[in-house]
Amino acid sequence: MTADPDMDDSAPELAPPTAADETVLALRTRAADGLDRVVPAMYEEMRRVASLYLRRTRYASAADPTLATTALINEAYLRLVDQSQAKWNDRAHFLALAAVAMRHVLIDRARARARIKRGGGISDVTFSEQALAHTRAPERLLEINDALDRLALIDARLARVVEYRFFGGLSEEEIAEALAVTVRTVQRDWQKARTLLRTMLAD
Amino acid sequence: MLTPERWQRIEPILDAALDLSSEERTAFIAAQCAGDDALAADVAALIDGMERPDPELDVSAANRWSELGDTGEQEAHRLPARLSGRYRIESEIGRGGMAIVYRAFDERVQREVAIKVLRTDVAAAISSERFSAEVRVTAKLRHANVVSLFDSGESDGFTYFVMPYIVGETLRERLTLQGAQSVPEAVRITGGILAALEHAHAAGIVHRDVKPSNVMIAGEDVLLADFGIARVRDVVDGERTETGIVMGTPQYMSPEQAAGASDIGVASDIYSVGCVLYELLTGERARRIVSRTPVSVTTVDATEQRARLAGLPPALSAVVERALAADPARRFPSALAFSAALARAADVSTPASITALGAAPGTRTPWALVAAGMLLSAGAAYRLIPSGADGAATAAVVSDTTLIELLPYEYDASTRIRLGKPDQLRSAFGRWTGIRLVDAARSDEIIAARGATAISTTDAAAIARSVGAGRFVRREVAERGGMVSVEARLYATGTAEPLASATIRLGVGAEVPDSAFIELADQILLHDVPRVLRTGPHVGSSSAPALRTFARGMAAKDAWDLAAADSAFSRAASIDSTFARAELWLAQVRVWQQRPTESWTYLITRAQTDTLALPPPERRVLAALGAAGRGDAQRACALWQQLARDQVRDFAAWYGAGLCELADMTVVRDPRSPSRWRFRSSYAHGVRSMLRAFEILPVVHREFRAQWFSNLAALLKTAPTQLRPGRAALPDSGLFAAYPSWDVRGDSILFIPWRVRDFERAAPWTVPASLQMAVRRQREVLLNTATGWRSAFPRSADAMLAVAVALDKLGDASAVDSVDVARGLSTTADERLRTGAAAVWLRVKFGVPDDPGQLTSARLLADSLLRRNTAPLRELADPLASLATLTGRISLASSLLGSGSSLGELSALTSRPLLMAAASLQVLAAVGAPADSLSRLERATASVIERNLPPESQLGARGRLLGRAAMMAFPSFRSELLTELAASGDLLAMAEVAAAHGDTTVMRAHLASLQQSRRLARPEEIRLETLLPEADMLAAIGDPRAAIARLDPTLGALAAADVEVIASAVGAGTLVRAMARRAELALAVGDGAGAARWAAALHALWSGADPPYQPLVRRMDALSGTRRR
């Protein structure tokens, strides 16, 4: 939506400057996982973006489900952060925050869905049907989430890589930027994290 | 268990080892670990799996769990009570993909409004400043056919639009309810839409989303809604065109819009209106063909379209075809041109006269006559007569049943008295609207012209025909023994057959009261309306046709034919738009049909404007429905209960009382409850009211049939997994749930609500100790109800079948005897099939594996049912296919499924070849057919999918149709699809791929996760469909005991399982395959007796199986022989 000729230049799209300043400041001074405590309004916004992203993924064409992967988050970034003040790696931190938000949104939804499946709703879904579709079942996502929490106790950075990649859909380059490490390290970390996670899931 | 400390030792060694070649690694690790063998083993194990892709984790969560993206429910609860401190939200009246619409009250202007609130996720993606600029332009539109935009704004993070609250229906509702509209009505509605567009196009605004749900019909007004809001879609979608399809209704989109063209213009709206007109005339949506070229070109299926339009005048279908031209340049250049062409084609000289039809009730154009005639229940024949060389046509009313020729009194020879002027009978007819009498002077003129001879019925019909009257009335006066009798007869002009007659007797010389003639007129005019509905102060309508239609509705309601009642009431309310009683009962019938709230609340609002027109008890029904419509369940319940107390035989009151208590989710604080919370309404009380209602009107049982019974089973909470949901009442918040428990003192079902988070972490206190007892007692209530139903209808097969189902739920094998009684009571083919199929299923459930006698009888019964139902109705295809599968008639099962619909939502999309191929594949995979036939079918199905389905549905169809089969048929058939399925993260497929690669450890790990995922399920709830391939994998690696352990709990719990488990062909197929497998497994562990037991059971069912399965049958025969020996 950046190149729409109808756009009125005199009406700024960005959030009020004070909020944007605060965002930039927060991005530079705090770790991404602390952001939700630092800028609640922004975190709320990220959750909304995450919801929208999920919605689109839900309906994205089968041909290319990844088309919208970071486009939306980019949109939100451009809207929330005053570009004249932004530095090169603010975007990566922003993406990292989005991944955290996405994880929370997904897990909240999965919990709600799992509850409905257990019979909270009007229509009963039988367990046998769940068993058939269980790898997409919300319970499985919750299991992965729990395993990720356990991984974080063992190695916080590996857990963060999983969070960014698995929950946030960030590319290796973006993760490298956010964590200030090389792409090679991210690749290696991902392999290690994945292996550890797998053993934890099998436990 | 990995600890941080241990990981800190492992990681550096791992990192360094990874930098080495694989040959160097072993030595390096050994050196680094220096004798710590456990450490070395850990490192080696980790390295081993590191480079292998992980289908589950490599795909991002948002993609795999994308269905979690469906949202909307929770938003409604976050909406503040007032938007911008001005609009008080009252109730939800509709929701779509982009927004939720609420009824609200504008406190500043003191009026009702409709507010459309954008979903927050949609609003999040648009810039409000830019958006409001769009809105400002469209807000300027002011036109009689445009739903204007009063205001828009943002409040508490919600973006909203304020529009007038229009009492009426959407065109979508009308089409769903009534289907195709008459030509004049279709022309009138389309004319209204085009008038709105003409105005908008002149202002430079393209609507972009013309569709029936955006067209409001309020009485005679046609209004187009959602200008400007449609633009939001483009703003949100930006460059991504495919989401446009997703977020909107693609059916009404022009090809260029669907293809994502950026310059959507007037022609696109014209196309959409063409789609709407097509649907108005044919009752069907214009069907599209999506070609599979890179640029998806979408056009309406021209052949089908022509076929459907064939019944219409050619000029009219030509208009539709031009509007729907694929090439925008070939469509009408403007809305005005479209509207003019339509008017010409449908014989309305100018668009203005289309509106005049409804706008000025006094004017009677020929079309108005037609329209009025159409409204009468009898309907009116009309035709288009081309007249003159200019191509203009006039509509001629051949037979207007609303026009009545009232012939003069005829006196028999002995009668001396004459009935004078004024003509009291004529005045009595004149009280009614919706009918007209031929002018007396004109009538006299025609009769005088015939000469002074007596008028026969044939003559009377000719006179009526000459003035265009569809009905005529003859009246005769006779004098006998000091009394005068006046007889009036109503005839149909076309057939000259009498429709009704009535007589009054008067004393000679007495003043004849008007009331006598009123009774006479009403008795013939409203001969089909019960007296109680046409007399007294609360008749409610002065329109004769409206009242007759209403009476039909009341009769249908009392017979519990709700669809007929709905249609009659809705018709009555549209004939007479002030008919509050019809609106009230229409609303009530819609509540009973469980239609969405917004489909009846507007009726209540309308009826409330004229409460005094209703009889007093109905005023109370109105009040109760009004409270329910406002969401005030507490008040609604109180009103229903009051009404039930006062009118103890009133079905509506008891049913309403029961329904509102059962539906009330409200949870309130209660210090005496173990959880400190309780449900506000009593479930036990609700159930009692409901059952009482059914005692009053047992016909409801009969009309609901099996459907009602399964509803009741759910309502009573007869399954241990059925939770009652709850929500805290303000000012508290939060969601609650409760399993049923049993209140011993009150001897009734009880629910103690706990916070949902307690359920999430499976807190032990959420499962009441008396859960199983509660379920059992509720099943007993179900049985009692079924027994009561049976006493009321001792000859009803359905009632007896209900008894059998209830017994089965209680695990009582005497269900088999009851179902046999039900079979004996069956009179229709449908009943015989339903009871017969249930008899087969129950025999299989209770007979496997130890009662081959039952199973043989099941097979014989299934055979006879299959012989008798060779060409079943679609909805019977599934049960029959199950019977065929249970008895080994696999090819019959696949052809039955191919002709019926067993593929749910896909059946709408799919062609018959796809249904055939997919159904065969499912059944063959379930029973474990030979690999070569499966592989052939899989290829065939895949190619049919590719050829027949639009690209966006292909992936889903492959997963559902091919994937399920591929997983079921493993390992005898190794589909190439398994790899694809494993990559998508399906655990069973992952295990199967590992098994195929001989990777036993990984396979076992995946099987363990599968087992873990089912830990909450009871054995009878697990489907054999997944267990069977799991057992096969375990057997294949030489672990038959583990395989037996997988199957036995579920196979052993068959008697406790729901009948549904075997009522489908796939379920039936997996059961028989599991039996064969179980026999072989018994043999493998040296359990000859067990093998014989299972083989004998299968042999009893399958002895008449199709030839390809005869080797299996013979094998089973041999195995069971060991038993006999």
# chains A, B, ... in the order shown; residues from 1 in each chain; ligands from 1
call {"tool": "residues_around", "arguments": {"residues": "Asp149 in chain A", "least_positions_apart": "4", "cutoff": "8 Å", "atoms": "only C-alpha atoms", "output": "PyMOL selection string"}}
result
chain A and resi 145+153+159
call {"tool": "write_last_selection", "arguments": {"atoms": "all heavy atoms", "output": "short mmCIF file (atom, residue, chain, number, x, y, z; two decimals), in the first residue's frame"}}
result
data_model
loop_
_atom_site.label_atom_id
_atom_site.label_comp_id
_atom_site.auth_asym_id
_atom_site.auth_seq_id
_atom_site.Cartn_x
_atom_site.Cartn_y
_atom_site.Cartn_z
N ASN A 145 5.06 -25.49 22.21
CA ASN A 145 5.26 -24.29 23.01
C ASN A 145 5.87 -24.63 24.38
O ASN A 145 6.80 -23.97 24.84
CB ASN A 145 3.91 -23.58 23.19
CG ASN A 145 4.06 -22.23 23.84
OD1 ASN A 145 4.83 -21.41 23.36
ND2 ASN A 145 3.35 -22.01 24.93
N LEU A 153 15.10 -22.65 29.14
CA LEU A 153 15.82 -22.81 30.42
C LEU A 153 17.22 -23.33 30.18
O LEU A 153 18.13 -23.09 30.96
CB LEU A 153 15.06 -23.79 31.33
CG LEU A 153 13.65 -23.33 31.76
CD1 LEU A 153 12.99 -24.43 32.58
CD2 LEU A 153 13.73 -22.04 32.55
N ALA A 159 16.40 -20.89 22.04
CA ALA A 159 14.94 -20.78 22.13
C ALA A 159 14.46 -19.57 21.35
O ALA A 159 13.41 -19.61 20.69
CB ALA A 159 14.51 -20.67 23.59
#
call {"tool": "residues_around", "arguments": {"residues": "Arg198 in chain A", "least_positions_apart": "4", "cutoff": "9 Å", "atoms": "only C-alpha atoms", "output": "list of chain:residue names"}}
result
A:Ala147, A:Ala193, A:Arg194, A:Ala202, A:Asp203, B:Asp54, B:Leu57
call {"tool": "write_last_selection", "arguments": {"atoms": "N, CA and C atoms", "output": "mmCIF file, in the first residue's frame"}}
result
data_model
loop_
_atom_site.group_PDB
_atom_site.id
_atom_site.type_symbol
_atom_site.label_atom_id
_atom_site.label_comp_id
_atom_site.auth_asym_id
_atom_site.auth_seq_id
_atom_site.Cartn_x
_atom_site.Cartn_y
_atom_site.Cartn_z
ATOM 1 N N ALA A 147 7.612 -27.313 25.077
ATOM 2 C CA ALA A 147 8.984 -27.776 24.858
ATOM 3 C C ALA A 147 9.909 -26.573 24.659
ATOM 4 N N ALA A 193 18.858 -26.227 17.914
ATOM 5 C CA ALA A 193 17.603 -26.001 18.619
ATOM 6 C C ALA A 193 16.552 -27.026 18.192
ATOM 7 N N ARG A 194 16.516 -27.266 16.900
ATOM 8 C CA ARG A 194 15.519 -28.179 16.365
ATOM 9 C C ARG A 194 15.729 -29.592 16.922
ATOM 10 N N ALA A 202 9.810 -35.764 22.251
ATOM 11 C CA ALA A 202 9.677 -37.220 22.324
ATOM 12 C C ALA A 202 9.607 -37.684 23.774
ATOM 13 N N ASP A 203 10.108 -36.853 24.706
ATOM 14 C CA ASP A 203 10.114 -37.235 26.133
ATOM 15 C C ASP A 203 8.720 -37.535 26.645
ATOM 16 N N ASP B 54 13.223 -31.380 9.433
ATOM 17 C CA ASP B 54 12.135 -31.744 10.324
ATOM 18 C C ASP B 54 10.839 -31.162 9.772
ATOM 19 N N LEU B 57 8.846 -28.906 12.337
ATOM 20 C CA LEU B 57 9.332 -27.624 12.840
ATOM 21 C C LEU B 57 9.779 -26.682 11.719
#
call {"tool": "residues_around", "arguments": {"residues": "Glu661 in chain B", "least_positions_apart": "6", "cutoff": "10 Å", "atoms": "only C-alpha atoms", "output": "number ranges by chain"}}
result
B: 633-634, 636-638, 640-641, 680-687, 689-690
call {"tool": "atom_distance", "arguments": {"atom1": "CA of Arg823 in chain B", "atom2": "CA of Ser895 in chain B"}}
result
26.1 Å
call {"tool": "closest_residue", "arguments": {"among": "B:Leu735, B:Ala225, B:Ala837, B:Val816", "to": "chain A", "atoms": "only C-alpha atoms"}}
result
B:Leu735
call {"tool": "closest_residue", "arguments": {"among": "A:Ala98, A:Leu142, A:Val105, A:Leu179", "to": "Arg160 in chain A", "atoms": "only C-alpha atoms"}}
result
A:Leu179
call {"tool": "closest_residue", "arguments": {"among": "B:Pro740, B:Pro1111, B:Gly898, B:Gly179", "to": "chain A", "atoms": "only C-alpha atoms"}}
result
B:Pro740
call {"tool": "atom_distance", "arguments": {"atom1": "CA of Asp1039 in chain B", "atom2": "CA of Met968 in chain B"}}
result
19.5 Å
call {"tool": "atom_distance", "arguments": {"atom1": "CA of Ala1042 in chain B", "atom2": "CA of Val1113 in chain B"}}
result
25.6 Å
call {"tool": "closest_residue", "arguments": {"among": "B:Ala488, B:Leu962, B:Ile447, B:Ala838", "to": "Thr503 in chain B", "atoms": "only C-alpha atoms"}}
result
B:Ala488
